[in-house]
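The next block is run06.cif, given as mmCIF, C-alpha atoms.
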```cif
data_input
#
loop_
_atom_site.group_PDB
_atom_site.id
_atom_site.type_symbol
_atom_site.label_atom_id
_atom_site.label_comp_id
_atom_site.auth_asym_id
_atom_site.auth_seq_id
_atom_site.Cartn_x
_atom_site.Cartn_y
_atom_site.Cartn_z
ATOM 1 C CA MET A 1 -49.161 41.613 -9.988
ATOM 2 C CA PRO A 2 -52.886 40.837 -10.234
ATOM 3 C CA LYS A 3 -54.684 42.232 -7.209
ATOM 4 C CA ILE A 4 -58.082 43.007 -5.771
ATOM 5 C CA ILE A 5 -58.332 46.298 -3.927
ATOM 6 C CA VAL A 6 -60.822 46.563 -1.086
ATOM 7 C CA GLU A 7 -61.516 50.040 0.285
ATOM 8 C CA VAL A 8 -63.027 50.366 3.737
ATOM 9 C CA MET A 9 -64.298 53.604 5.308
ATOM 10 C CA PRO A 10 -65.744 54.396 8.731
ATOM 11 C CA LYS A 11 -69.527 54.880 8.425
ATOM 12 C CA GLU A 12 -70.592 58.439 7.526
ATOM 13 C CA VAL A 13 -72.694 58.804 10.659
ATOM 14 C CA LEU A 14 -69.877 57.853 13.010
ATOM 15 C CA LEU A 15 -67.225 60.120 14.434
ATOM 16 C CA ASP A 16 -63.847 59.386 12.861
ATOM 17 C CA PRO A 17 -61.441 60.611 15.572
ATOM 18 C CA ALA A 18 -58.343 60.148 13.414
ATOM 19 C CA GLY A 19 -59.907 62.062 10.521
ATOM 20 C CA LYS A 20 -61.084 64.812 12.837
ATOM 21 C CA SER A 21 -57.602 65.221 14.374
ATOM 22 C CA VAL A 22 -56.010 65.436 10.925
ATOM 23 C CA ASN A 23 -58.654 67.967 9.853
ATOM 24 C CA ASN A 24 -57.922 70.113 12.914
ATOM 25 C CA ALA A 25 -54.193 70.011 12.102
ATOM 26 C CA LEU A 26 -54.897 71.007 8.470
ATOM 27 C CA HIS A 27 -57.027 73.941 9.639
ATOM 28 C CA ARG A 28 -54.195 75.082 11.882
ATOM 29 C CA LYS A 29 -51.918 74.967 8.832
ATOM 30 C CA GLY A 30 -54.351 77.288 7.005
ATOM 31 C CA HIS A 31 -56.254 74.821 4.810
ATOM 32 C CA LYS A 32 -59.595 76.273 5.906
ATOM 33 C CA ASP A 33 -61.560 75.181 2.808
ATOM 34 C CA ILE A 34 -61.183 71.517 3.713
ATOM 35 C CA SER A 35 -64.420 70.921 5.595
ATOM 36 C CA ALA A 36 -63.763 67.390 6.848
ATOM 37 C CA VAL A 37 -61.250 64.540 6.698
ATOM 38 C CA ARG A 38 -62.183 60.895 6.934
ATOM 39 C CA ILE A 39 -59.563 58.148 7.034
ATOM 40 C CA GLY A 40 -60.233 54.651 5.780
ATOM 41 C CA LYS A 41 -58.212 51.647 4.698
ATOM 42 C CA ARG A 42 -57.081 50.302 1.359
ATOM 43 C CA ILE A 43 -56.487 46.564 1.496
ATOM 44 C CA GLU A 44 -54.822 44.727 -1.399
ATOM 45 C CA LEU A 45 -55.335 41.025 -2.007
ATOM 46 C CA HIS A 46 -52.542 39.785 -4.259
ATOM 47 C CA PHE A 47 -52.781 36.824 -6.640
ATOM 48 C CA ASP A 48 -50.206 34.883 -8.663
ATOM 49 C CA ARG A 49 -52.779 34.303 -11.401
ATOM 50 C CA GLU A 50 -55.451 36.211 -13.281
ATOM 51 C CA ILE A 51 -58.395 37.394 -11.199
ATOM 52 C CA THR A 52 -61.839 35.942 -11.968
ATOM 53 C CA ASP A 53 -65.380 37.119 -11.198
ATOM 54 C CA LYS A 54 -65.495 34.411 -8.557
ATOM 55 C CA ASP A 55 -62.470 35.955 -6.824
ATOM 56 C CA LEU A 56 -64.210 39.338 -6.837
ATOM 57 C CA ALA A 57 -67.333 37.807 -5.300
ATOM 58 C CA GLU A 58 -65.196 36.137 -2.639
ATOM 59 C CA ALA A 59 -63.365 39.390 -2.019
ATOM 60 C CA ARG A 60 -66.694 41.099 -1.319
ATOM 61 C CA GLU A 61 -67.527 38.359 1.157
ATOM 62 C CA ILE A 62 -64.103 38.661 2.828
ATOM 63 C CA GLY A 63 -64.381 42.440 2.757
ATOM 64 C CA GLU A 64 -67.779 42.554 4.416
ATOM 65 C CA GLY A 65 -67.287 39.598 6.750
ATOM 66 C CA PHE A 66 -63.709 40.017 7.902
ATOM 67 C CA LEU A 67 -61.832 43.053 6.559
ATOM 68 C CA SER A 68 -64.526 45.438 7.785
ATOM 69 C CA ASN A 69 -66.940 45.529 10.697
ATOM 70 C CA GLY A 70 -70.417 46.346 9.323
ATOM 71 C CA VAL A 71 -71.421 48.021 12.558
ATOM 72 C CA ILE A 72 -68.869 50.782 12.173
ATOM 73 C CA GLU A 73 -67.443 50.505 8.647
ATOM 74 C CA ASP A 74 -68.548 50.146 5.025
ATOM 75 C CA VAL A 75 -66.769 48.496 2.119
ATOM 76 C CA VAL A 76 -67.012 51.425 -0.276
ATOM 77 C CA LYS A 77 -65.248 49.934 -3.300
ATOM 78 C CA ILE A 78 -63.878 46.668 -4.597
ATOM 79 C CA SER A 79 -61.786 46.832 -7.752
ATOM 80 C CA SER A 80 -59.194 44.681 -9.459
ATOM 81 C CA GLU A 81 -56.010 45.153 -11.455
ATOM 82 C CA ASN A 82 -54.713 42.360 -13.636
ATOM 83 C CA MET B 1 -31.810 76.717 34.340
ATOM 84 C CA LYS B 2 -35.311 76.485 32.814
ATOM 85 C CA ILE B 3 -36.139 73.322 30.914
ATOM 86 C CA GLY B 4 -39.486 73.174 29.106
ATOM 87 C CA VAL B 5 -41.497 69.960 29.048
ATOM 88 C CA VAL B 6 -44.168 69.839 26.339
ATOM 89 C CA THR B 7 -47.626 68.376 26.892
ATOM 90 C CA PHE B 8 -49.593 67.325 23.813
ATOM 91 C CA PRO B 9 -53.051 65.730 24.028
ATOM 92 C CA GLY B 10 -52.127 62.118 24.806
ATOM 93 C CA THR B 11 -48.696 62.798 26.321
ATOM 94 C CA LEU B 12 -48.060 60.504 29.305
ATOM 95 C CA ASP B 13 -44.569 61.044 30.664
ATOM 96 C CA ASP B 14 -44.494 64.822 30.988
ATOM 97 C CA ARG B 15 -44.644 64.738 34.774
ATOM 98 C CA ASP B 16 -41.878 62.124 35.005
ATOM 99 C CA ALA B 17 -39.754 64.251 32.669
ATOM 100 C CA ALA B 18 -40.415 67.373 34.774
ATOM 101 C CA ARG B 19 -39.451 65.418 37.899
ATOM 102 C CA ALA B 20 -36.223 64.259 36.217
ATOM 103 C CA VAL B 21 -35.392 67.877 35.392
ATOM 104 C CA ARG B 22 -35.896 68.892 39.037
ATOM 105 C CA LEU B 23 -33.845 65.957 40.372
ATOM 106 C CA ALA B 24 -31.017 67.049 38.080
ATOM 107 C CA GLY B 25 -31.150 70.529 39.574
ATOM 108 C CA GLY B 26 -33.110 72.334 36.866
ATOM 109 C CA GLU B 27 -36.401 74.204 36.869
ATOM 110 C CA ALA B 28 -39.131 72.417 34.889
ATOM 111 C CA VAL B 29 -41.466 74.652 32.875
ATOM 112 C CA SER B 30 -44.664 73.196 31.409
ATOM 113 C CA LEU B 31 -45.146 74.011 27.727
ATOM 114 C CA TRP B 32 -48.559 73.561 26.096
ATOM 115 C CA HIS B 33 -49.041 72.163 22.571
ATOM 116 C CA ALA B 34 -51.373 74.994 21.509
ATOM 117 C CA ASP B 35 -49.081 77.784 22.737
ATOM 118 C CA THR B 36 -46.263 79.019 20.495
ATOM 119 C CA ASN B 37 -44.641 80.794 23.461
ATOM 120 C CA LEU B 38 -41.621 78.884 24.791
ATOM 121 C CA HIS B 39 -41.537 81.033 27.973
ATOM 122 C CA LYS B 40 -37.786 81.709 27.620
ATOM 123 C CA VAL B 41 -36.747 78.129 28.407
ATOM 124 C CA ASP B 42 -33.087 77.140 27.933
ATOM 125 C CA ALA B 43 -33.905 73.629 26.634
ATOM 126 C CA VAL B 44 -36.936 71.507 25.743
ATOM 127 C CA VAL B 45 -37.958 67.906 26.440
ATOM 128 C CA LEU B 46 -40.555 66.231 24.209
ATOM 129 C CA PRO B 47 -41.774 63.428 26.464
ATOM 130 C CA GLY B 48 -43.271 60.035 25.709
ATOM 131 C CA GLY B 49 -46.877 59.016 25.293
ATOM 132 C CA PHE B 50 -49.379 58.701 22.470
ATOM 133 C CA SER B 51 -49.826 62.263 21.218
ATOM 134 C CA TYR B 52 -53.097 62.688 19.298
ATOM 135 C CA GLY B 53 -53.804 58.993 19.775
ATOM 136 C CA ASP B 54 -50.989 58.106 17.327
ATOM 137 C CA TYR B 55 -53.481 58.983 14.555
ATOM 138 C CA LEU B 56 -52.144 59.121 10.988
ATOM 139 C CA ARG B 57 -48.606 58.172 12.133
ATOM 140 C CA CYS B 58 -46.964 58.327 15.567
ATOM 141 C CA GLY B 59 -45.904 61.933 16.156
ATOM 142 C CA ALA B 60 -47.239 63.177 12.802
ATOM 143 C CA ILE B 61 -49.968 65.470 14.123
ATOM 144 C CA ALA B 62 -47.902 66.640 17.100
ATOM 145 C CA ALA B 63 -45.205 67.723 14.617
ATOM 146 C CA GLN B 64 -47.787 70.186 13.212
ATOM 147 C CA ALA B 65 -48.803 71.603 16.618
ATOM 148 C CA PRO B 66 -48.294 75.349 17.257
ATOM 149 C CA VAL B 67 -45.637 74.756 19.948
ATOM 150 C CA MET B 68 -43.573 72.752 17.442
ATOM 151 C CA GLU B 69 -43.350 75.740 15.065
ATOM 152 C CA SER B 70 -41.418 77.558 17.797
ATOM 153 C CA ILE B 71 -39.408 74.503 18.845
ATOM 154 C CA ILE B 72 -38.333 73.636 15.288
ATOM 155 C CA LYS B 73 -37.214 77.217 14.719
ATOM 156 C CA ALA B 74 -35.378 77.371 18.066
ATOM 157 C CA ALA B 75 -33.770 73.937 17.543
ATOM 158 C CA LYS B 76 -32.363 75.139 14.217
ATOM 159 C CA GLY B 77 -30.864 78.033 16.184
ATOM 160 C CA GLY B 78 -29.204 75.671 18.688
ATOM 161 C CA LEU B 79 -31.788 75.222 21.485
ATOM 162 C CA PRO B 80 -31.171 71.821 23.139
ATOM 163 C CA VAL B 81 -34.125 69.501 22.433
ATOM 164 C CA LEU B 82 -34.493 65.943 23.733
ATOM 165 C CA GLY B 83 -37.186 63.682 22.251
ATOM 166 C CA ILE B 84 -38.037 60.585 24.273
ATOM 167 C CA CYS B 85 -40.036 57.741 22.665
ATOM 168 C CA ASN B 86 -43.087 59.540 21.227
ATOM 169 C CA GLY B 87 -40.941 62.686 21.438
ATOM 170 C CA PHE B 88 -38.352 60.954 19.201
ATOM 171 C CA GLN B 89 -41.184 60.146 16.780
ATOM 172 C CA VAL B 90 -42.190 63.840 16.846
ATOM 173 C CA LEU B 91 -38.576 64.879 16.072
ATOM 174 C CA VAL B 92 -38.476 62.482 13.130
ATOM 175 C CA GLU B 93 -41.854 63.690 11.829
ATOM 176 C CA SER B 94 -40.616 67.286 12.257
ATOM 177 C CA HIS B 95 -37.537 66.424 10.137
ATOM 178 C CA LEU B 96 -35.216 67.568 12.931
ATOM 179 C CA LEU B 97 -33.818 64.010 12.823
ATOM 180 C CA PRO B 98 -33.825 61.707 9.761
ATOM 181 C CA GLY B 99 -35.579 58.384 9.181
ATOM 182 C CA GLY B 100 -38.772 56.927 10.592
ATOM 183 C CA LEU B 101 -40.141 54.635 13.294
ATOM 184 C CA ILE B 102 -42.389 51.706 12.495
ATOM 185 C CA ARG B 103 -44.182 48.957 14.369
ATOM 186 C CA ASN B 104 -41.871 46.611 16.274
ATOM 187 C CA GLU B 105 -40.684 43.744 14.095
ATOM 188 C CA HIS B 106 -42.192 41.140 16.475
ATOM 189 C CA GLN B 107 -45.543 43.028 16.461
ATOM 190 C CA HIS B 108 -45.719 43.272 20.248
ATOM 191 C CA PHE B 109 -45.545 46.178 22.646
ATOM 192 C CA ILE B 110 -42.340 45.734 24.636
ATOM 193 C CA CYS B 111 -41.400 46.916 28.132
ATOM 194 C CA ARG B 112 -37.975 46.037 29.527
ATOM 195 C CA ASP B 113 -34.860 47.439 31.160
ATOM 196 C CA GLN B 114 -32.668 47.960 28.128
ATOM 197 C CA LYS B 115 -28.891 48.078 27.858
ATOM 198 C CA LEU B 116 -27.558 50.801 25.584
ATOM 199 C CA ILE B 117 -24.134 51.938 24.442
ATOM 200 C CA VAL B 118 -23.578 55.702 24.412
ATOM 201 C CA GLU B 119 -21.735 56.226 21.131
ATOM 202 C CA SER B 120 -21.597 59.991 21.200
ATOM 203 C CA ASN B 121 -20.813 62.035 24.303
ATOM 204 C CA THR B 122 -20.405 65.396 22.613
ATOM 205 C CA THR B 123 -24.096 66.341 22.555
ATOM 206 C CA ALA B 124 -26.001 68.681 24.865
ATOM 207 C CA TRP B 125 -27.746 65.666 26.381
ATOM 208 C CA THR B 126 -24.892 63.110 26.707
ATOM 209 C CA ASN B 127 -21.782 65.063 27.750
ATOM 210 C CA GLN B 128 -21.732 63.531 31.265
ATOM 211 C CA PHE B 129 -21.312 59.994 29.865
ATOM 212 C CA GLU B 130 -18.056 58.277 28.965
ATOM 213 C CA LEU B 131 -17.686 57.388 25.298
ATOM 214 C CA ASN B 132 -19.048 53.861 24.692
ATOM 215 C CA GLN B 133 -20.379 53.722 28.259
ATOM 216 C CA GLU B 134 -22.969 51.008 28.837
ATOM 217 C CA ILE B 135 -26.137 52.274 30.496
ATOM 218 C CA THR B 136 -29.473 50.662 31.401
ATOM 219 C CA ILE B 137 -32.753 52.545 31.138
ATOM 220 C CA PRO B 138 -36.352 51.383 30.625
ATOM 221 C CA LEU B 139 -37.758 50.897 27.125
ATOM 222 C CA LYS B 140 -41.497 50.732 26.449
ATOM 223 C CA ASN B 141 -42.904 51.050 22.957
ATOM 224 C CA GLY B 142 -45.017 49.486 20.246
ATOM 225 C CA GLU B 143 -43.590 51.394 17.301
ATOM 226 C CA GLY B 144 -39.883 51.751 17.942
ATOM 227 C CA GLY B 145 -38.386 50.075 14.902
ATOM 228 C CA TYR B 146 -35.972 52.599 13.402
ATOM 229 C CA ILE B 147 -35.786 52.670 9.618
ATOM 230 C CA ALA B 148 -33.967 54.852 7.134
ATOM 231 C CA THR B 149 -32.761 54.653 3.548
ATOM 232 C CA ASP B 150 -29.371 53.047 2.886
ATOM 233 C CA GLU B 151 -28.027 56.479 2.027
ATOM 234 C CA THR B 152 -29.218 57.968 5.348
ATOM 235 C CA LEU B 153 -27.845 55.024 7.360
ATOM 236 C CA LYS B 154 -24.498 55.448 5.657
ATOM 237 C CA ARG B 155 -24.462 59.141 6.532
ATOM 238 C CA LEU B 156 -25.515 58.481 10.166
ATOM 239 C CA GLU B 157 -22.744 55.903 10.561
ATOM 240 C CA GLY B 158 -20.146 57.959 8.672
ATOM 241 C CA GLU B 159 -20.792 61.195 10.550
ATOM 242 C CA GLY B 160 -21.079 59.592 13.996
ATOM 243 C CA LEU B 161 -24.694 60.667 14.484
ATOM 244 C CA ILE B 162 -25.824 57.378 16.035
ATOM 245 C CA THR B 163 -25.868 58.334 19.693
ATOM 246 C CA PHE B 164 -27.308 55.211 21.327
ATOM 247 C CA ARG B 165 -27.201 51.621 20.131
ATOM 248 C CA TYR B 166 -29.066 48.680 21.672
ATOM 249 C CA LYS B 167 -26.774 46.198 23.388
ATOM 250 C CA GLU B 168 -27.337 42.408 23.606
ATOM 251 C CA VAL B 169 -30.995 42.596 22.555
ATOM 252 C CA ASN B 170 -32.380 44.558 19.630
ATOM 253 C CA PRO B 171 -35.877 44.938 21.089
ATOM 254 C CA ASN B 172 -37.804 46.169 18.049
ATOM 255 C CA GLY B 173 -35.946 45.351 14.840
ATOM 256 C CA SER B 174 -34.279 48.771 14.533
ATOM 257 C CA MET B 175 -31.832 49.008 11.637
ATOM 258 C CA ASN B 176 -28.171 48.941 12.735
ATOM 259 C CA ASP B 177 -29.421 48.499 16.356
ATOM 260 C CA ILE B 178 -30.169 52.225 16.450
ATOM 261 C CA ALA B 179 -31.781 53.342 19.729
ATOM 262 C CA GLY B 180 -31.172 57.070 19.402
ATOM 263 C CA LEU B 181 -29.748 59.803 17.181
ATOM 264 C CA ARG B 182 -28.322 63.304 17.320
ATOM 265 C CA ASN B 183 -28.208 66.096 14.778
ATOM 266 C CA GLU B 184 -24.907 67.420 13.390
ATOM 267 C CA ARG B 185 -24.785 70.257 15.905
ATOM 268 C CA GLY B 186 -25.517 67.946 18.850
ATOM 269 C CA ASN B 187 -28.298 70.067 20.347
ATOM 270 C CA VAL B 188 -31.096 67.762 19.149
ATOM 271 C CA VAL B 189 -31.146 64.193 20.493
ATOM 272 C CA GLY B 190 -33.918 61.609 20.191
ATOM 273 C CA LEU B 191 -34.188 58.070 21.520
ATOM 274 C CA MET B 192 -36.832 55.397 22.087
ATOM 275 C CA PRO B 193 -35.854 54.335 25.659
ATOM 276 C CA HIS B 194 -36.899 56.468 28.645
ATOM 277 C CA PRO B 195 -34.108 58.149 30.650
ATOM 278 C CA GLU B 196 -36.700 59.969 32.809
ATOM 279 C CA HIS B 197 -37.697 56.617 34.334
ATOM 280 C CA ALA B 198 -34.177 55.987 35.695
ATOM 281 C CA VAL B 199 -33.421 59.057 37.767
ATOM 282 C CA GLU B 200 -34.071 58.113 41.388
ATOM 283 C CA ALA B 201 -32.951 55.092 43.421
ATOM 284 C CA GLY B 202 -35.942 52.940 44.326
ATOM 285 C CA PHE B 203 -37.755 53.664 41.051
ATOM 286 C CA GLY B 204 -35.231 52.764 38.340
ATOM 287 C CA PRO B 205 -34.040 49.552 36.663
ATOM 288 C CA ASP B 206 -32.387 46.802 38.730
ATOM 289 C CA THR B 207 -28.600 46.912 39.010
ATOM 290 C CA THR B 208 -26.061 44.469 40.402
ATOM 291 C CA VAL B 209 -25.941 46.633 43.542
ATOM 292 C CA ALA B 210 -29.642 46.674 44.421
ATOM 293 C CA MET B 211 -33.114 46.306 42.985
ATOM 294 C CA ARG B 212 -34.486 49.368 41.172
ATOM 295 C CA SER B 213 -31.374 51.381 41.980
ATOM 296 C CA GLY B 214 -30.479 52.367 38.393
ATOM 297 C CA VAL B 215 -30.166 56.119 37.812
ATOM 298 C CA ASP B 216 -28.344 56.186 34.452
ATOM 299 C CA GLY B 217 -31.083 58.438 33.024
ATOM 300 C CA LEU B 218 -30.221 61.322 35.331
ATOM 301 C CA LYS B 219 -27.081 62.143 33.310
ATOM 302 C CA PHE B 220 -29.199 63.184 30.299
ATOM 303 C CA PHE B 221 -30.567 66.010 32.412
ATOM 304 C CA THR B 222 -27.330 66.900 34.226
ATOM 305 C CA SER B 223 -25.658 66.912 30.780
ATOM 306 C CA VAL B 224 -27.980 69.570 29.394
ATOM 307 C CA ILE B 225 -27.609 71.702 32.528
ATOM 308 C CA ASN B 226 -23.815 71.321 32.223
ATOM 309 C CA SER B 227 -23.907 72.317 28.534
ATOM 310 C CA LEU B 228 -26.000 75.388 29.352
ATOM 311 C CA VAL B 229 -23.729 76.456 32.209
ATOM 312 C CA ASN B 230 -20.687 76.151 29.962
ATOM 313 C CA ALA B 231 -22.361 77.763 26.941
#
```
Give the structure from the file, written as C-alpha cells.
Amino acid sequence: MPKIIVEVMPKEVLLDPAGKSVNNALHRKGHKDISAVRIGKRIELHFDREITDKDLAEAREIGEGFLSNGVIEDVVKISSEN
Amino acid sequence: MKIGVVTFPGTLDDRDAARAVRLAGGEAVSLWHADTNLHKVDAVVLPGGFSYGDYLRCGAIAAQAPVMESIIKAAKGGLPVLGICNGFQVLVESHLLPGGLIRNEHQHFICRDQKLIVESNTTAWTNQFELNQEITIPLKNGEGGYIATDETLKRLEGEGLITFRYKEVNPNGSMNDIAGLRNERGNVVGLMPHPEHAVEAGFGPDTTVAMRSGVDGLKFFTSVINSLVNA
C-alpha cells in the first residue's frame, strides 16, 4: 500500500520522561553502554493511489501543523513507499 | 499470614490493597519496586495504578523492576500472586499470564460497578467463591481490553484458565468477555476490576440490600489466607 511515513521526535533539549524511564530499565538489565533512549512516533498516512510530490509537501504541512507540536517536537523525517 | 503489597513509582491502590489484606485477617507487608527482598511474605499483591507513567506499554517497565525478578521466580515456585488492573498488566508483561491489554475499544476511561462471573474457584485467590458465582466489584481503567492470539484463546478456554468473565456489559472490548485469568497451577491470578475496593460495607458497590454495601472483593483475600492455612 502506498504510504507516507512521518517520524516525530521530542526536541533534543527537552526531557523525554518515557525515554528516560526505559533507559533506566535497560541500565538495570545491564545494558550500560546505552547512554540515552528517546521515544518518538512513526505515523503512516496510507493512500489508495500512487504518492505524488504534492502529497509529500502536504504531509510536511500536516506533520508540522498537526501531527507534531513545534514547541516540544520535531518532524525528523518524511519518507514515502509506493 | 504475611501478604506483600508492591509499590512501584506511580502505583495508586497499594494502600487500599494493604487495607483489604488487613480486613481479611492478614498482615500486609509493603514491598518496594527497587528491592529484590520479598521479606518472607506468603503471597504478593500487585496493585493498580499507572506504574512508571504507563510509559512504553502499561506494566512494561514495572515488569523489569528488581522486585519483579524475585516475584517471577517465586511465582514459578508456587507463591500466590494477584495482579489487579495495572498489576494484571504487569503479570502479562512479565509473561506469568498470556496475552495483552490494549486501550478500551470505545477509547474512554471507564469507571463502573461491574458484574463478573467467577468461572474458576480452584485458585489461591478464588477458593471462597462458588463456581459461576456472580459478583460485583468496581472497574476503572483506560487500557483494559484483553487480547490474545486465536491459539492462546483456544487454550485458555480449553484448559479452564479464564477465571472471571464480564457479565451483561463488556466494558472495554475484551476478547471472549475476559476480565481475569489464572495460570495452570492456580497460584497466579490477574484481573482488571478492583476487588480491594469492595471489602468494607459503606465503601463498596451498591447492592440490592443497601447503598455501597458490596463486599464481594473481600473473598479474594480470605481465599488466599485459606489456601495458605491449608497448604
Considering all atoms listed in the file, extract the chain B residues located within 7 Å of chain A and return them as a list in words. Tyr55, Leu56, Ile61 and Gln64 of chain B
For the PyMOL selection byres ((chain B and resi 172) around 12), applied here, can you spell out every residue it catches as a PyMOL selection string? chain B and resi 101-112+114+139-147+166+169-171+173-179+192-193
Taking (-22.5, 80.6, 26.1) in the file's own coordinates, collect the residues within 12 Å, counting all atoms listed in the file, and hand them back as a VMD selection string. chain B and resid 42 78 to 79 226 to 231
B:Ser30: which residues within 8 Å, counting only C-alpha atoms, same-chain residues fewer than 3 positions away excluded, as a ChimeraX atom specification? /B:4-7,18
Determine the residue membership of the PyMOL selection byres ((chain A and resi 4) around 7) for the file above and supply it as a list of chain:residue names.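 Applied to this file, the PyMOL selection byres ((chain A and resi 4) around 7) returns A:Lys3, A:Ile5, A:Val6, A:Glu44, A:Leu45, A:His46, A:Ile78, A:Ser79, A:Ser80, A:Glu81.
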List the neighbours of B:Asn183 out to 8 Å using all atoms listed in the file; skip same-chain residues closer than 3 positions along the sequence, and give me the result as JSON, numbers by chain. {"B": [96, 97, 161, 186, 187, 188, 189]}
Neighbouring residues of stretch 10-15 of chain A were defined as those with any atom within 10 Å, considering all atoms listed in the file; residues of the same chain fewer than 6 positions away were excluded. Please report them as a ChimeraX atom specification. /A:38-41,68-76
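For the choices B:Asp206, B:Ile135, B:Phe221, B:Ser94, the atom-to-atom distance to B:Ala28 is smallest for B:Phe221 when using only C-alpha atoms.
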Residues near A:Arg49, cut-off 9 Å, all atoms listed in the file, skip fewer than 6 positions along chain, as a CSV table (one decimal) with C-alpha atoms, keeping the file's coordinate frame:
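So the final result, stored in result-v9.csv, reads:
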```csv
chain,number,residue,atom,x,y,z
A,1,MET,CA,-49.2,41.6,-10.0
A,2,PRO,CA,-52.9,40.8,-10.2
A,82,ASN,CA,-54.7,42.4,-13.6
```
Nearby residues (all atoms listed in the file) at most 10 Å from A:Lys77, same-chain spacing under 4 positions excluded, as a PyMOL selection string: chain A and resi 5-9+42+60+63
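Here the PyMOL selection byres ((chain B and resi 180) around 6) catches exactly these residues: Thr163, Phe164, Ile178, Ala179, Leu181, Gly190 and Leu191 of chain B.
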One decimal, in Å: what's the spacing between atom CA of B:Leu156 and atom CA of B:Ile117?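 Pair atom CA of B:Leu156 / atom CA of B:Ile117 returns 15.8 Å.
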Please return stretch 53-73 of chain A, rebuilt to N, CA and C atoms, as an mmCIF file, in the frame of the given file.
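part-v1.cif written:
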```cif
data_model
loop_
_atom_site.group_PDB
_atom_site.id
_atom_site.type_symbol
_atom_site.label_atom_id
_atom_site.label_comp_id
_atom_site.auth_asym_id
_atom_site.auth_seq_id
_atom_site.Cartn_x
_atom_site.Cartn_y
_atom_site.Cartn_z
ATOM 1 N N ASP A 53 -64.182 36.537 -11.840
ATOM 2 C CA ASP A 53 -65.380 37.119 -11.198
ATOM 3 C C ASP A 53 -65.641 36.448 -9.860
ATOM 4 N N LYS A 54 -65.290 35.151 -9.809
ATOM 5 C CA LYS A 54 -65.495 34.411 -8.557
ATOM 6 C C LYS A 54 -64.603 34.988 -7.442
ATOM 7 N N ASP A 55 -63.377 35.339 -7.806
ATOM 8 C CA ASP A 55 -62.470 35.955 -6.824
ATOM 9 C C ASP A 55 -63.056 37.264 -6.299
ATOM 10 N N LEU A 56 -63.634 38.048 -7.235
ATOM 11 C CA LEU A 56 -64.210 39.338 -6.837
ATOM 12 C C LEU A 56 -65.389 39.134 -5.878
ATOM 13 N N ALA A 57 -66.196 38.093 -6.181
ATOM 14 C CA ALA A 57 -67.333 37.807 -5.300
ATOM 15 C C ALA A 57 -66.830 37.377 -3.919
ATOM 16 N N GLU A 58 -65.776 36.577 -3.913
ATOM 17 C CA GLU A 58 -65.196 36.137 -2.639
ATOM 18 C C GLU A 58 -64.587 37.319 -1.880
ATOM 19 N N ALA A 59 -63.985 38.213 -2.655
ATOM 20 C CA ALA A 59 -63.365 39.390 -2.019
ATOM 21 C C ALA A 59 -64.433 40.243 -1.333
ATOM 22 N N ARG A 60 -65.612 40.333 -1.957
ATOM 23 C CA ARG A 60 -66.694 41.099 -1.319
ATOM 24 C C ARG A 60 -67.094 40.437 -0.009
ATOM 25 N N GLU A 61 -67.165 39.102 -0.053
ATOM 26 C CA GLU A 61 -67.527 38.359 1.157
ATOM 27 C C GLU A 61 -66.475 38.573 2.263
ATOM 28 N N ILE A 62 -65.204 38.454 1.865
ATOM 29 C CA ILE A 62 -64.103 38.661 2.828
ATOM 30 C C ILE A 62 -64.144 40.106 3.347
ATOM 31 N N GLY A 63 -64.375 41.017 2.409
ATOM 32 C CA GLY A 63 -64.381 42.440 2.757
ATOM 33 C C GLY A 63 -65.460 42.757 3.772
ATOM 34 N N GLU A 64 -66.652 42.223 3.535
ATOM 35 C CA GLU A 64 -67.779 42.554 4.416
ATOM 36 C C GLU A 64 -67.777 41.715 5.687
ATOM 37 N N GLY A 65 -67.217 40.488 5.598
ATOM 38 C CA GLY A 65 -67.287 39.598 6.750
ATOM 39 C C GLY A 65 -66.086 39.663 7.677
ATOM 40 N N PHE A 66 -64.946 40.108 7.118
ATOM 41 C CA PHE A 66 -63.709 40.017 7.902
ATOM 42 C C PHE A 66 -62.884 41.313 7.882
ATOM 43 N N LEU A 67 -62.693 41.870 6.676
ATOM 44 C CA LEU A 67 -61.832 43.053 6.559
ATOM 45 C C LEU A 67 -62.494 44.306 7.119
ATOM 46 N N SER A 68 -63.829 44.294 7.199
ATOM 47 C CA SER A 68 -64.526 45.438 7.785
ATOM 48 C C SER A 68 -65.496 44.927 8.837
ATOM 49 N N ASN A 69 -65.917 45.836 9.705
ATOM 50 C CA ASN A 69 -66.940 45.529 10.697
ATOM 51 C C ASN A 69 -68.166 46.348 10.313
ATOM 52 N N GLY A 70 -69.219 45.676 9.849
ATOM 53 C CA GLY A 70 -70.417 46.346 9.323
ATOM 54 C C GLY A 70 -71.101 47.273 10.307
ATOM 55 N N VAL A 71 -70.800 47.133 11.570
ATOM 56 C CA VAL A 71 -71.421 48.021 12.558
ATOM 57 C C VAL A 71 -70.828 49.427 12.455
ATOM 58 N N ILE A 72 -69.542 49.484 12.160
ATOM 59 C CA ILE A 72 -68.869 50.782 12.173
ATOM 60 C C ILE A 72 -68.245 51.172 10.838
ATOM 61 N N GLU A 73 -68.132 50.205 9.904
ATOM 62 C CA GLU A 73 -67.443 50.505 8.647
ATOM 63 C C GLU A 73 -68.254 50.020 7.446
#
```
